[in-house]
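Working notes for the structure below.
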Amino acid sequence: MLSTDNDILGAAEAWRREGRAVALATVIETWGSAPRPVGSHLVVDGEGNFLGSVSGGCVEGAVITEGLEAIADGQARVIAFGVADETAWRVGLSCGGRIRVFVEPVA
Amino acid sequence: MQLETLAILNAERAARRAAILVTDLDGGAQRVVREAEIAGDPLADLLARHLAAGKSGLAEADGRSVFLTVQAPPVRLVVIGAVHISQALCPMARALDLAVTVIDPRTAFATPERFPGIDLVAEWPDDALAGPVPPLDRYCAVAALTHDPKIDDPALAAALRAGCFYVGALGSRKTHAARVARLAQAGFSETEIGRIAAPIGLSIQAVSPAEIAVSILAQIIAAQRTPRSGAAA
């Protein structure tokens, strides 16, 4: 079962070696009761297939979109999600947590 | 991230060696510092602290914002003795994300009925560690719980030789004094023998097997989170 963050890095390498375009997302900062700890990974390929989790499922969609953009433009980026407001509730950070995620293409 | 960087991280993980990925968030530059290279790194203190805590996180280095991805090998707990305390200890250890193996050559003790879902090896410690159980290393904790020197002693010797981060042995002070004498006879130094936590577990006046299991696991966590001298060796 692909459950640990180490397994995610293994998958990222395997996917890239298969010739798939790959981006890696890493939680670099959390505030409040964010659901996934700093260092958590998510890997996404050019088709939008992904493994891992950066938020327990809530803002994954947005992170995957950023991953696809990172694949397209070759640039790493830092993105922030959530605050204790209506937006946070809608994207699923119902706890009022906030996270910052580093998204990078695997070259 | 370069594919080569990812490959180094994965290779270190496969070899059960710690490594830290340093990412410069301003410029995006990345490098991997292997455990053995930490002491000689410009960020040595910072990296050693993060490795001991087992925590990834943001840091400032030379006025730049860096992110440290700490990759430490999964910690294994090898329990010697499929005894009553082990039955309480194993599920608790699993809840702490420790990979648990129980070794006991006594087939009446080492039964799946007594240890459902736990990796169980009904062999003498020397045989188990030479074959079915992966070799001990510094990311292993060993708890010897049989009270029987024939079973406990070889496992303790193997744990000390492998530099396991935690070595504990059940038994009274009197039992341990006899054990110390045997290990000294076998050629272990006072310092090496002094690494054995005995009587095992933090002193919390534990009585029941579950309470003793808690005291053992608390002691293991403390050992895990305390930076060791020579950590980069």
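We name chains A, B, ... following the order of the structure tokens; residues begin at 1 in each chain, and ligands are numbered from 1 as shown.
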Distance cut-off 6 Å, counting only C-alpha atoms - which residues of chain B neighbour chain A? Return them as a PDB file with N, CA and C atoms, in the first residue's frame.
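Writing done, so here's part.pdb:
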```pdb
ATOM      1  N   MET B   1      12.718  19.374  -8.846  1.00  0.00           N
ATOM      2  CA  MET B   1      13.758  18.484  -8.333  1.00  0.00           C
ATOM      3  C   MET B   1      14.348  17.678  -9.481  1.00  0.00           C
ATOM      4  N   GLN B   2      15.674  17.563  -9.462  1.00  0.00           N
ATOM      5  CA  GLN B   2      16.315  16.734 -10.475  1.00  0.00           C
ATOM      6  C   GLN B   2      16.048  15.264 -10.172  1.00  0.00           C
ATOM      7  N   LEU B   3      15.901  14.473 -11.210  1.00  0.00           N
ATOM      8  CA  LEU B   3      15.668  13.039 -11.034  1.00  0.00           C
ATOM      9  C   LEU B   3      16.804  12.399 -10.226  1.00  0.00           C
ATOM     10  N   SER B  56      10.717  17.432   9.426  1.00  0.00           N
ATOM     11  CA  SER B  56      10.948  18.339   8.314  1.00  0.00           C
ATOM     12  C   SER B  56      10.470  19.728   8.730  1.00  0.00           C
TER      13      SER B  56
END
```
Which polymer residues have any atom within 8 Å of an atom of segment 112-114 of chain B, counting only C-alpha atoms, with same-chain residues fewer than 4 positions away left out, as a PDB file with N, CA and C atoms, in the first residue's frame?
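Output saved as selection20.pdb:
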```pdb
ATOM      1  N   GLN B  87       2.536  -9.116  24.370  1.00  0.00           N
ATOM      2  CA  GLN B  87       1.179  -9.075  23.811  1.00  0.00           C
ATOM      3  C   GLN B  87       0.554  -7.694  23.972  1.00  0.00           C
ATOM      4  N   ILE B 118       0.966  -9.871  13.900  1.00  0.00           N
ATOM      5  CA  ILE B 118       2.320  -9.397  14.230  1.00  0.00           C
ATOM      6  C   ILE B 118       3.343 -10.323  13.581  1.00  0.00           C
ATOM      7  N   LEU B 120       6.114 -12.640  13.448  1.00  0.00           N
ATOM      8  CA  LEU B 120       6.507 -13.524  14.542  1.00  0.00           C
ATOM      9  C   LEU B 120       7.526 -14.525  14.008  1.00  0.00           C
TER      10      LEU B 120
END
```
Counting only C-alpha atoms, which of B:Ala128, B:Ala48, B:Val83, B:Val180 gets nearest to Thr111 of chain B? B:Val83
Spatial neighbours of Ala21 of chain A, 7 Å, only C-alpha atoms, chain gap at least 2 places, as a PDB file with N, CA and C atoms, in the first residue's frame:
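See out.pdb below for the written result:
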```pdb
ATOM      1  N   ARG A  16       8.809   8.932 -13.222  1.00  0.00           N
ATOM      2  CA  ARG A  16       9.666   9.753 -14.086  1.00  0.00           C
ATOM      3  C   ARG A  16      10.489   8.854 -15.007  1.00  0.00           C
ATOM      4  N   GLY A  19       9.072   7.733 -18.038  1.00  0.00           N
ATOM      5  CA  GLY A  19       8.916   8.759 -19.053  1.00  0.00           C
ATOM      6  C   GLY A  19       7.720   9.661 -18.826  1.00  0.00           C
ATOM      7  N   ASP A  45       1.188  13.097 -11.998  1.00  0.00           N
ATOM      8  CA  ASP A  45       1.778  13.004 -13.336  1.00  0.00           C
ATOM      9  C   ASP A  45       1.024  13.918 -14.305  1.00  0.00           C
ATOM     10  N   GLY A  46       1.514  13.953 -15.549  1.00  0.00           N
ATOM     11  CA  GLY A  46       0.962  14.877 -16.535  1.00  0.00           C
ATOM     12  C   GLY A  46      -0.496  14.615 -16.877  1.00  0.00           C
ATOM     13  N   ILE A  71       4.515  21.333 -14.217  1.00  0.00           N
ATOM     14  CA  ILE A  71       5.002  20.457 -15.291  1.00  0.00           C
ATOM     15  C   ILE A  71       5.067  21.248 -16.598  1.00  0.00           C
TER      16      ILE A  71
END
```
